[in-house]
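File shown here: work16.cif, holding mmCIF, C-alpha atoms.
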```
data_target
loop_
_atom_site.label_atom_id
_atom_site.label_comp_id
_atom_site.auth_asym_id
_atom_site.auth_seq_id
_atom_site.Cartn_x
_atom_site.Cartn_y
_atom_site.Cartn_z
CA MET A 1 0.00 0.00 0.00
CA LYS A 2 1.55 3.26 -1.07
CA LYS A 3 1.63 6.34 1.14
CA VAL A 4 0.53 9.89 0.39
CA GLN A 5 1.30 13.12 2.16
CA LEU A 6 -1.37 14.29 4.59
CA SER A 7 -2.09 17.90 3.65
CA GLN A 8 0.99 20.06 4.21
CA THR A 9 2.23 18.16 7.27
CA GLU A 10 5.12 16.42 5.47
CA ILE A 11 3.77 13.29 7.18
CA GLU A 12 2.94 10.36 4.91
CA VAL A 13 -0.06 8.12 5.62
CA SER A 14 -1.59 5.13 3.88
CA CYS A 15 -3.57 5.88 0.73
CA LEU A 16 -6.45 3.93 2.30
CA CYS A 17 -7.53 4.71 5.86
CA LEU A 18 -9.22 1.97 7.90
CA GLY A 19 -12.49 3.02 9.52
CA THR A 20 -13.40 1.21 12.74
CA LEU A 21 -16.98 2.31 13.43
CA ARG A 22 -18.18 -1.31 13.60
CA PHE A 23 -15.49 -2.59 15.93
CA GLY A 24 -16.72 -3.74 19.33
CA THR A 25 -20.39 -3.64 18.37
CA LEU A 26 -21.21 -5.01 14.91
CA ASN A 27 -17.90 -6.88 14.95
CA THR A 28 -16.57 -8.76 17.97
CA TYR A 29 -13.02 -8.16 19.17
CA GLU A 30 -11.80 -11.29 17.41
CA GLN A 31 -13.46 -10.29 14.13
CA SER A 32 -12.18 -6.72 14.44
CA ALA A 33 -8.64 -7.87 15.16
CA GLN A 34 -8.71 -10.10 12.08
CA LEU A 35 -9.81 -7.18 9.91
CA MET A 36 -7.10 -4.92 11.31
CA ASP A 37 -4.53 -7.66 10.76
CA LEU A 38 -5.56 -7.95 7.10
CA TYR A 39 -5.21 -4.20 6.68
CA ARG A 40 -1.76 -4.26 8.27
CA GLU A 41 -0.68 -7.19 6.10
CA ALA A 42 -1.57 -5.08 3.05
CA GLY A 43 0.75 -2.34 4.34
CA GLY A 44 -1.86 -0.10 5.93
CA MET A 45 -0.97 2.10 8.92
CA PHE A 46 -3.73 4.78 9.13
CA ILE A 47 -6.53 3.83 11.55
CA ASP A 48 -9.60 5.99 12.15
CA THR A 49 -11.81 5.70 15.23
CA GLY A 50 -14.00 7.99 17.36
CA ASN A 51 -14.97 8.48 20.98
CA SER A 52 -18.68 7.94 20.26
CA TYR A 53 -18.24 4.78 18.15
CA ASN A 54 -20.54 3.04 17.97
CA GLN A 55 -23.41 4.57 19.87
CA TRP A 56 -25.53 4.32 16.71
CA SER A 57 -25.50 0.53 16.93
CA ALA A 58 -28.38 -1.09 18.81
CA GLN A 59 -25.99 -2.55 21.39
CA GLY A 60 -23.54 0.37 21.40
CA LYS A 61 -23.03 3.07 24.02
CA GLY A 62 -19.89 4.75 22.68
CA GLY A 63 -16.25 4.01 23.38
CA GLU A 64 -16.37 0.42 22.14
CA SER A 65 -14.28 0.99 19.02
CA GLU A 66 -11.45 2.73 20.88
CA ILE A 67 -11.37 -0.07 23.46
CA VAL A 68 -11.08 -2.71 20.72
CA VAL A 69 -8.39 -0.79 18.83
CA GLY A 70 -6.51 -0.24 22.09
CA ARG A 71 -6.55 -3.94 22.98
CA TRP A 72 -5.30 -4.80 19.49
CA LEU A 73 -2.49 -2.24 19.77
CA ARG A 74 -1.36 -3.76 23.06
CA GLU A 75 -1.54 -7.35 21.82
CA ARG A 76 0.30 -6.60 18.57
CA GLY A 77 2.75 -4.12 20.09
CA ASN A 78 2.59 -2.03 16.93
CA ARG A 79 1.50 1.40 18.10
CA ASN A 80 4.68 3.11 16.84
CA ASP A 81 4.04 1.79 13.33
CA LEU A 82 0.59 3.36 13.08
CA PHE A 83 -1.07 6.74 12.57
CA ILE A 84 -4.11 6.85 14.89
CA ALA A 85 -7.02 9.27 14.46
CA SER A 86 -9.98 9.79 16.80
CA LYS A 87 -12.78 12.31 17.13
CA VAL A 88 -14.84 14.45 19.52
CA GLY A 89 -18.10 16.33 19.04
CA PHE A 90 -21.04 13.91 19.16
CA GLY A 91 -22.51 13.47 22.60
CA TYR A 92 -22.88 9.96 24.03
CA GLY A 93 -23.80 8.67 27.47
CA GLU A 94 -23.07 11.51 29.88
CA VAL A 95 -20.74 13.30 27.46
CA PRO A 96 -22.45 16.41 26.07
CA ASP A 97 -22.86 17.17 22.40
CA GLY A 98 -20.61 19.86 20.99
CA LEU A 99 -17.09 21.28 21.02
CA ALA A 100 -16.79 23.20 24.27
CA ALA A 101 -13.18 23.40 25.46
CA SER A 102 -13.89 21.27 28.53
CA THR A 103 -15.40 18.50 26.37
CA ILE A 104 -12.52 18.49 23.88
CA ILE A 105 -9.86 18.28 26.58
CA SER A 106 -11.58 15.74 28.84
CA GLU A 107 -12.61 13.51 25.93
CA CYS A 108 -9.08 13.49 24.58
CA ASP A 109 -7.96 12.05 27.90
CA ASN A 110 -10.76 9.48 27.78
CA SER A 111 -9.83 8.45 24.23
CA LEU A 112 -6.16 8.10 25.15
CA LYS A 113 -7.12 5.96 28.13
CA ARG A 114 -9.35 3.65 26.08
CA LEU A 115 -6.71 3.36 23.36
CA GLY A 116 -3.92 2.86 25.88
CA ILE A 117 -1.64 5.40 24.16
CA ASP A 118 -0.06 8.69 25.18
CA HIS A 119 -1.00 10.78 22.13
CA LEU A 120 -3.28 10.88 19.10
CA ASP A 121 -1.71 11.46 15.72
CA LEU A 122 -4.88 13.17 14.49
CA TYR A 123 -7.83 14.51 16.50
CA TYR A 124 -10.96 15.55 14.63
CA ALA A 125 -13.74 17.93 15.47
CA HIS A 126 -16.37 15.34 14.56
CA LYS A 127 -19.03 17.88 13.58
CA ASP A 128 -19.42 21.63 13.60
CA ASP A 129 -20.77 23.21 16.78
CA PRO A 130 -22.44 26.53 15.94
CA HIS A 131 -23.20 27.16 19.62
CA THR A 132 -19.56 27.29 20.72
CA PRO A 133 -17.27 30.04 19.43
CA LEU A 134 -14.70 28.75 16.97
CA GLU A 135 -12.06 30.55 19.04
CA GLU A 136 -12.86 28.39 22.08
CA THR A 137 -12.81 25.18 20.07
CA LEU A 138 -9.58 25.94 18.24
CA GLU A 139 -7.77 27.12 21.37
CA ALA A 140 -8.69 23.88 23.14
CA PHE A 141 -7.29 21.79 20.29
CA HIS A 142 -4.14 23.94 20.25
CA THR A 143 -3.74 23.39 23.99
CA LEU A 144 -3.72 19.64 23.38
CA VAL A 145 -1.12 20.00 20.63
CA LYS A 146 1.12 22.07 22.91
CA ALA A 147 0.71 19.45 25.66
CA GLY A 148 1.89 16.70 23.29
CA LYS A 149 -1.40 14.82 23.47
CA VAL A 150 -2.30 15.52 19.82
CA ARG A 151 -0.04 15.92 16.78
CA PHE A 152 -2.53 17.28 14.22
CA VAL A 153 -6.12 18.51 14.25
CA GLY A 154 -8.77 17.76 11.64
CA ALA A 155 -12.34 18.79 10.85
CA SER A 156 -15.29 16.60 9.96
CA ASN A 157 -18.79 17.57 8.83
CA TYR A 158 -18.08 21.28 8.29
CA ARG A 159 -19.21 23.68 5.59
CA ALA A 160 -16.47 25.32 3.57
CA TRP A 161 -17.16 28.83 4.88
CA ARG A 162 -16.85 27.64 8.48
CA LEU A 163 -13.50 26.05 7.65
CA ALA A 164 -12.40 29.34 6.10
CA ASP A 165 -13.37 31.18 9.30
CA ALA A 166 -11.52 28.62 11.41
CA ASP A 167 -8.42 28.94 9.23
CA ALA A 168 -8.45 32.72 9.58
CA ILE A 169 -8.76 32.51 13.37
CA ALA A 170 -6.03 29.89 13.75
CA SER A 171 -3.68 31.86 11.51
CA ALA A 172 -4.27 35.12 13.36
CA GLN A 173 -3.71 33.50 16.77
CA GLY A 174 -0.83 31.25 15.76
CA TRP A 175 -2.80 28.17 16.75
CA SER A 176 -2.82 24.66 15.25
CA GLY A 177 -5.70 24.83 12.79
CA PHE A 178 -7.62 22.15 10.94
CA THR A 179 -5.13 20.15 8.87
CA CYS A 180 -7.49 17.91 6.89
CA ILE A 181 -11.17 17.34 6.24
CA GLU A 182 -13.19 14.11 6.62
CA GLN A 183 -16.67 14.23 5.10
CA ARG A 184 -19.22 12.00 3.42
CA PHE A 185 -18.49 11.29 -0.25
CA THR A 186 -18.95 8.59 -2.85
CA TYR A 187 -18.93 8.20 -6.62
CA LEU A 188 -22.66 8.80 -6.92
CA ARG A 189 -23.89 12.37 -6.48
CA PRO A 190 -26.81 13.12 -4.14
CA ASN A 191 -29.90 14.83 -5.44
CA PRO A 192 -30.15 18.60 -4.89
CA GLY A 193 -31.50 19.31 -1.43
CA ALA A 194 -30.75 15.81 -0.10
CA ASP A 195 -30.71 15.78 3.70
CA PHE A 196 -27.98 13.84 5.52
CA GLY A 197 -28.61 15.25 8.99
CA ASP A 198 -25.38 16.18 10.77
CA GLN A 199 -23.31 14.73 7.95
CA ARG A 200 -21.71 17.19 5.52
CA LEU A 201 -20.49 16.23 2.07
CA ILE A 202 -17.39 16.78 0.04
CA ASN A 203 -18.74 18.79 -2.89
CA ALA A 204 -17.19 20.95 -5.60
CA ASN A 205 -17.17 23.96 -3.28
CA LEU A 206 -15.28 22.14 -0.54
CA MET A 207 -12.93 20.43 -3.01
CA SER A 208 -11.87 23.75 -4.47
CA TYR A 209 -11.26 25.15 -0.98
CA GLY A 210 -9.31 22.08 0.14
CA ASP A 211 -7.18 22.08 -3.01
CA ALA A 212 -6.42 25.79 -2.69
CA ARG A 213 -5.40 25.44 0.96
CA GLY A 214 -3.51 22.18 0.55
CA LYS A 215 -5.86 20.22 2.82
CA SER A 216 -6.27 16.50 2.25
CA MET A 217 -9.86 15.30 2.04
CA LEU A 218 -10.89 11.94 3.45
CA PRO A 219 -14.23 10.57 2.20
CA TYR A 220 -16.24 8.48 4.66
CA THR A 221 -19.01 6.05 3.61
CA PRO A 222 -17.33 5.83 0.18
CA LEU A 223 -18.95 2.47 -0.59
CA LEU A 224 -22.45 3.28 0.69
CA ARG A 225 -22.23 0.38 3.13
CA GLY A 226 -22.06 -2.20 0.37
CA ALA A 227 -24.85 -0.85 -1.83
CA TYR A 228 -22.68 -0.90 -4.96
CA VAL A 229 -22.21 -4.66 -4.82
CA ARG A 230 -25.02 -6.12 -2.69
CA SER A 231 -28.56 -6.67 -3.91
CA ASP A 232 -29.81 -6.61 -0.31
CA ARG A 233 -28.41 -3.08 0.16
CA PRO A 234 -30.27 -0.78 -2.25
CA ILE A 235 -28.73 2.54 -3.29
CA PRO A 236 -30.18 5.19 -0.93
CA LYS A 237 -33.08 7.18 -2.37
CA THR A 238 -31.10 10.39 -1.87
CA TYR A 239 -29.10 9.38 -4.96
CA ALA A 240 -31.93 8.06 -7.16
CA GLY A 241 -32.55 9.58 -10.57
CA PRO A 242 -31.11 9.98 -14.08
CA ASP A 243 -27.70 11.14 -12.81
CA MET A 244 -27.33 8.03 -10.68
CA GLU A 245 -28.37 5.77 -13.56
CA ALA A 246 -25.82 7.33 -15.90
CA ARG A 247 -23.01 7.10 -13.38
CA MET A 248 -23.87 3.52 -12.46
CA THR A 249 -23.74 2.62 -16.16
CA ALA A 250 -20.28 4.17 -16.47
CA LEU A 251 -19.15 2.44 -13.29
CA GLN A 252 -20.34 -0.95 -14.51
CA GLU A 253 -18.59 -0.48 -17.86
CA VAL A 254 -15.27 0.31 -16.19
CA THR A 255 -15.79 -2.54 -13.73
CA GLN A 256 -16.19 -5.00 -16.62
CA GLU A 257 -13.18 -3.59 -18.49
CA LEU A 258 -10.97 -4.12 -15.45
CA ASN A 259 -12.54 -7.39 -14.29
CA ALA A 260 -12.98 -5.73 -10.90
CA THR A 261 -15.83 -5.02 -8.50
CA ALA A 262 -17.69 -1.73 -8.22
CA ASN A 263 -16.27 -1.20 -4.73
CA GLN A 264 -12.73 -1.56 -6.05
CA VAL A 265 -13.31 0.88 -8.90
CA VAL A 266 -14.92 3.49 -6.62
CA LEU A 267 -11.96 3.39 -4.23
CA ALA A 268 -9.44 3.42 -7.09
CA TRP A 269 -11.25 6.39 -8.69
CA MET A 270 -10.86 8.36 -5.45
CA MET A 271 -7.20 7.44 -5.07
CA HIS A 272 -6.47 8.38 -8.70
CA ARG A 273 -7.68 11.95 -8.17
CA GLN A 274 -5.01 14.63 -8.04
CA PRO A 275 -4.47 15.54 -5.31
CA PRO A 276 -5.67 12.10 -4.18
CA LEU A 277 -8.57 11.58 -1.84
CA ILE A 278 -7.84 9.26 1.10
CA PRO A 279 -10.91 7.01 1.45
CA VAL A 280 -11.91 5.90 4.93
CA PHE A 281 -13.09 2.36 4.18
CA SER A 282 -13.76 -0.86 6.05
CA GLY A 283 -15.23 -4.32 5.59
CA GLY A 284 -17.56 -6.30 7.80
CA ARG A 285 -15.97 -9.66 6.96
CA PRO A 286 -12.51 -10.81 5.86
CA GLU A 287 -13.72 -11.40 2.30
CA HIS A 288 -15.12 -7.86 2.18
CA MET A 289 -11.82 -6.46 3.44
CA GLN A 290 -9.86 -8.45 0.87
CA GLU A 291 -12.17 -7.31 -1.91
CA ASN A 292 -11.84 -3.65 -0.97
CA LEU A 293 -8.06 -3.90 -0.60
CA GLY A 294 -8.05 -5.15 -4.20
CA ALA A 295 -8.56 -1.50 -5.21
CA LEU A 296 -4.84 -1.06 -4.57
CA ASP A 297 -4.06 -3.22 -7.61
CA LEU A 298 -6.21 -1.25 -10.08
CA THR A 299 -4.85 1.28 -12.53
CA LEU A 300 -7.48 3.41 -14.27
CA SER A 301 -6.62 4.71 -17.73
CA ASP A 302 -7.19 8.34 -18.67
CA GLU A 303 -10.13 7.20 -20.78
CA GLN A 304 -11.68 5.30 -17.88
CA LEU A 305 -11.21 8.24 -15.53
CA ALA A 306 -12.83 10.54 -18.08
CA LYS A 307 -15.74 8.13 -18.50
CA LEU A 308 -16.32 8.03 -14.74
CA ASN A 309 -15.85 11.77 -14.24
CA ASN A 310 -18.03 12.90 -17.12
CA ALA A 311 -20.95 10.50 -16.64
CA GLY A 312 -24.28 11.93 -15.64
CA HIS A 313 -26.23 15.12 -15.92
CA CYS A 314 -25.33 18.59 -14.75
CA VAL A 315 -26.26 19.11 -11.12
CA ASN A 316 -27.00 22.77 -10.45
CA GLU A 317 -27.17 22.55 -6.70
CA GLU A 318 -25.06 20.36 -4.45
CA PRO A 319 -25.79 19.41 -0.84
CA ASN A 320 -23.28 20.71 1.69
#
```
Taking this structure as input, can you express it in the form of structure tokens?
Amino acid sequence: MKKVQLSQTEIEVSCLCLGTLRFGTLNTYEQSAQLMDLYREAGGMFIDTGNSYNQWSAQGKGGESEIVVGRWLRERGNRNDLFIASKVGFGYGEVPDGLAASTIISECDNSLKRLGIDHLDLYYAHKDDPHTPLEETLEAFHTLVKAGKVRFVGASNYRAWRLADADAIASAQGWSGFTCIEQRFTYLRPNPGADFGDQRLINANLMSYGDARGKSMLPYTPLLRGAYVRSDRPIPKTYAGPDMEARMTALQEVTQELNATANQVVLAWMMHRQPPLIPVFSGGRPEHMQENLGALDLTLSDEQLAKLNNAGHCVNEEPN
């Protein structure tokens, strides 16, 4: 697995980032450890978790993913070989929603404890908090960087104009600002006005801002939870329409040309972008993980990239 530079940090990370939302809830520890082992065997070293993972599972309360990742780190003794990211912002249990300074600082300590490590390589604001001044949020993150508990800070689920405001504040104060951006994104384009709740999307507006500022973008839910390849997982209605049909046709044509799966082509398409996107992917079973890792072996021609990029109808309005 090749490495790419993360934004302007001069730090190189894996071109595929392993998402661990399922670990400890939808996947047992043993299953999760097997999936992480497969990722490591493929050369991966960028692992993404979150303090609230996975409270959205029926049996989840939050904290389960970090506990599982932490146990695996201890058992494998490989912490120094990895780049570990976690998040703060969604409330869970008795932890309040939002990005107040006290929440950011105390939850960092809780994440470090669950993971059994002394610092996070990357700490995300998991979602924007319009009720807390950006100055308070950014100063709290900077405090953690100065204390050596966090190396870099990222943003997730933000609108481009809020990132611009945050960048201006961090620059003026000499604080550690948002290094990279993790948002929802896939090959298919949502319909205008589609509602994804707290989730914000990578769209043309954000891409142009990220490119101009040298910020890496990390798409989450890139494979729509298996909908590209599983008949029991229909494409969400937020994508339905002529644009989706045209892009699915192009995707299937490229898939057949390469003798690959749709999941592999979607991931390869993201990694072929310049500057490359860094997909946050996973797999519920070993065979799913192996399939998705197969994207590393695909090379898309200029003609195939053009076919994928140009498919569909003009979308005048993009969700943010």
Care to translate the PyMOL selection byres ((chain A and resi 57) around 12) into actual residues of this file, as an MDAnalysis selection string?
-> chainID A and resid 21:27 52:56 58:65
Writing out the chosen residues with C-alpha atoms as a compact mmCIF listing (two decimals), keeping the file's coordinate frame:
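Written file, selection06.txt:
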```txt
# COMPACT_ATOMS: atom_id res chain seq x y z
CA LEU A 21 -16.98 2.31 13.43
CA ARG A 22 -18.18 -1.31 13.60
CA PHE A 23 -15.49 -2.59 15.93
CA GLY A 24 -16.72 -3.74 19.33
CA THR A 25 -20.39 -3.64 18.37
CA LEU A 26 -21.21 -5.01 14.91
CA ASN A 27 -17.90 -6.88 14.95
CA SER A 52 -18.68 7.94 20.26
CA TYR A 53 -18.24 4.78 18.15
CA ASN A 54 -20.54 3.04 17.97
CA GLN A 55 -23.41 4.57 19.87
CA TRP A 56 -25.53 4.32 16.71
CA ALA A 58 -28.38 -1.09 18.81
CA GLN A 59 -25.99 -2.55 21.39
CA GLY A 60 -23.54 0.37 21.40
CA LYS A 61 -23.03 3.07 24.02
CA GLY A 62 -19.89 4.75 22.68
CA GLY A 63 -16.25 4.01 23.38
CA GLU A 64 -16.37 0.42 22.14
CA SER A 65 -14.28 0.99 19.02
```
With distances taken over all atoms listed in the file, the candidate from A:Arg230, A:Val266, A:Ile11, A:Asp128 nearest Phe152 (chain A) is A:Ile11
Counting all atoms listed in the file, the residue of A:Leu99, A:Leu201, A:Ala164, A:Leu300 that sits nearest Ala268 (chain A) = A:Leu300
Take the PyMOL selection byres ((chain A and resi 248-260) around 12), apply it to the structure above, and return the hits as a ChimeraX atom specification.
-> /A:186-189,227-229,235,239-247,261-269,291-312
May I have the residues from that selection written out with C-alpha atoms, as a compact mmCIF listing (two decimals), keeping the file's coordinate frame?
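Resulting contents of result26.txt:
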```
# COMPACT_ATOMS: atom_id res chain seq x y z
CA THR A 186 -18.95 8.59 -2.85
CA TYR A 187 -18.93 8.20 -6.62
CA LEU A 188 -22.66 8.80 -6.92
CA ARG A 189 -23.89 12.37 -6.48
CA ALA A 227 -24.85 -0.85 -1.83
CA TYR A 228 -22.68 -0.90 -4.96
CA VAL A 229 -22.21 -4.66 -4.82
CA ILE A 235 -28.73 2.54 -3.29
CA TYR A 239 -29.10 9.38 -4.96
CA ALA A 240 -31.93 8.06 -7.16
CA GLY A 241 -32.55 9.58 -10.57
CA PRO A 242 -31.11 9.98 -14.08
CA ASP A 243 -27.70 11.14 -12.81
CA MET A 244 -27.33 8.03 -10.68
CA GLU A 245 -28.37 5.77 -13.56
CA ALA A 246 -25.82 7.33 -15.90
CA ARG A 247 -23.01 7.10 -13.38
CA THR A 261 -15.83 -5.02 -8.50
CA ALA A 262 -17.69 -1.73 -8.22
CA ASN A 263 -16.27 -1.20 -4.73
CA GLN A 264 -12.73 -1.56 -6.05
CA VAL A 265 -13.31 0.88 -8.90
CA VAL A 266 -14.92 3.49 -6.62
CA LEU A 267 -11.96 3.39 -4.23
CA ALA A 268 -9.44 3.42 -7.09
CA TRP A 269 -11.25 6.39 -8.69
CA GLU A 291 -12.17 -7.31 -1.91
CA ASN A 292 -11.84 -3.65 -0.97
CA LEU A 293 -8.06 -3.90 -0.60
CA GLY A 294 -8.05 -5.15 -4.20
CA ALA A 295 -8.56 -1.50 -5.21
CA LEU A 296 -4.84 -1.06 -4.57
CA ASP A 297 -4.06 -3.22 -7.61
CA LEU A 298 -6.21 -1.25 -10.08
CA THR A 299 -4.85 1.28 -12.53
CA LEU A 300 -7.48 3.41 -14.27
CA SER A 301 -6.62 4.71 -17.73
CA ASP A 302 -7.19 8.34 -18.67
CA GLU A 303 -10.13 7.20 -20.78
CA GLN A 304 -11.68 5.30 -17.88
CA LEU A 305 -11.21 8.24 -15.53
CA ALA A 306 -12.83 10.54 -18.08
CA LYS A 307 -15.74 8.13 -18.50
CA LEU A 308 -16.32 8.03 -14.74
CA ASN A 309 -15.85 11.77 -14.24
CA ASN A 310 -18.03 12.90 -17.12
CA ALA A 311 -20.95 10.50 -16.64
CA GLY A 312 -24.28 11.93 -15.64
```
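Minimum distance to Leu223 (chain A) across A:Thr137, A:Ser7, A:Asn51, A:Ser282 (counting only C-alpha atoms) occurs at A:Ser282.
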Please measure the separation of CA of Gly210 (chain A) and CA of Val145 (chain A), giving the value in Å to one decimal.
->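 We find that CA of Gly210 (chain A) and CA of Val145 (chain A) lie 22.2 Å from each other.
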Can you tell me, as a list in words, what residues are no more than 6 Å from Ile67 (chain A) when counting all atoms listed in the file, ignoring any on the same chain fewer than 3 positions away?
->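 Counting all atoms listed in the file, the residues come to Glu64, Gly70, Arg114 and Leu115 of chain A.
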Could you jot down the CA of Glu75 (chain A) to CA of Gln31 (chain A) separation for me, Å, one decimal place?
->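 Atom-to-atom, CA of Glu75 (chain A) to CA of Gln31 (chain A), that is 14.5 Å.
Using the PyMOL selection byres ((chain A and resi 44) around 9) on this structure selects Met1, Lys2, Lys3, Val13, Ser14, Cys15, Leu16, Cys17, Leu18, Met36, Leu38, Tyr39, Arg40, Glu41, Ala42, Gly43, Met45, Phe46, Ile47 and Leu82 of chain A.
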Now that the selection is made, can you save its residues with C-alpha atoms as a PDB file, in the frame of the given file?
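Result went into out_6.pdb, see below:
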```pdb
ATOM      1  CA  MET A   1       0.000   0.000   0.000  1.00  0.00           C
ATOM      2  CA  LYS A   2       1.550   3.260  -1.070  1.00  0.00           C
ATOM      3  CA  LYS A   3       1.630   6.340   1.140  1.00  0.00           C
ATOM      4  CA  VAL A  13      -0.060   8.120   5.620  1.00  0.00           C
ATOM      5  CA  SER A  14      -1.590   5.130   3.880  1.00  0.00           C
ATOM      6  CA  CYS A  15      -3.570   5.880   0.730  1.00  0.00           C
ATOM      7  CA  LEU A  16      -6.450   3.930   2.300  1.00  0.00           C
ATOM      8  CA  CYS A  17      -7.530   4.710   5.860  1.00  0.00           C
ATOM      9  CA  LEU A  18      -9.220   1.970   7.900  1.00  0.00           C
ATOM     10  CA  MET A  36      -7.100  -4.920  11.310  1.00  0.00           C
ATOM     11  CA  LEU A  38      -5.560  -7.950   7.100  1.00  0.00           C
ATOM     12  CA  TYR A  39      -5.210  -4.200   6.680  1.00  0.00           C
ATOM     13  CA  ARG A  40      -1.760  -4.260   8.270  1.00  0.00           C
ATOM     14  CA  GLU A  41      -0.680  -7.190   6.100  1.00  0.00           C
ATOM     15  CA  ALA A  42      -1.570  -5.080   3.050  1.00  0.00           C
ATOM     16  CA  GLY A  43       0.750  -2.340   4.340  1.00  0.00           C
ATOM     17  CA  MET A  45      -0.970   2.100   8.920  1.00  0.00           C
ATOM     18  CA  PHE A  46      -3.730   4.780   9.130  1.00  0.00           C
ATOM     19  CA  ILE A  47      -6.530   3.830  11.550  1.00  0.00           C
ATOM     20  CA  LEU A  82       0.590   3.360  13.080  1.00  0.00           C
TER      21      LEU A  82
END
```
Compare A:Val88, A:Val69, A:Leu144, A:Val95 by their minimum atom-to-atom distance to Gly116 (chain A), counting all atoms listed in the file, and give me the closest one.
-> A:Val69
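One distance worth recording is that between CA of Glu182 (chain A) and CA of Gly283 (chain A), which is 18.6 Å.
Considering only C-alpha atoms, the residue among A:Thr49, A:Gln183, A:Ser208, A:Thr221 positioned nearest to Pro275 (chain A) is A:Ser208.
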Selection: 12 Å around Ile169 (chain A), all atoms listed in the file, excl. self and same-chain fewer than 2 positions, as JSON, numbers by chain | {"A": [133, 134, 135, 136, 137, 138, 139, 142, 162, 163, 164, 165, 166, 167, 171, 172, 173, 174, 175, 176, 177, 178]}
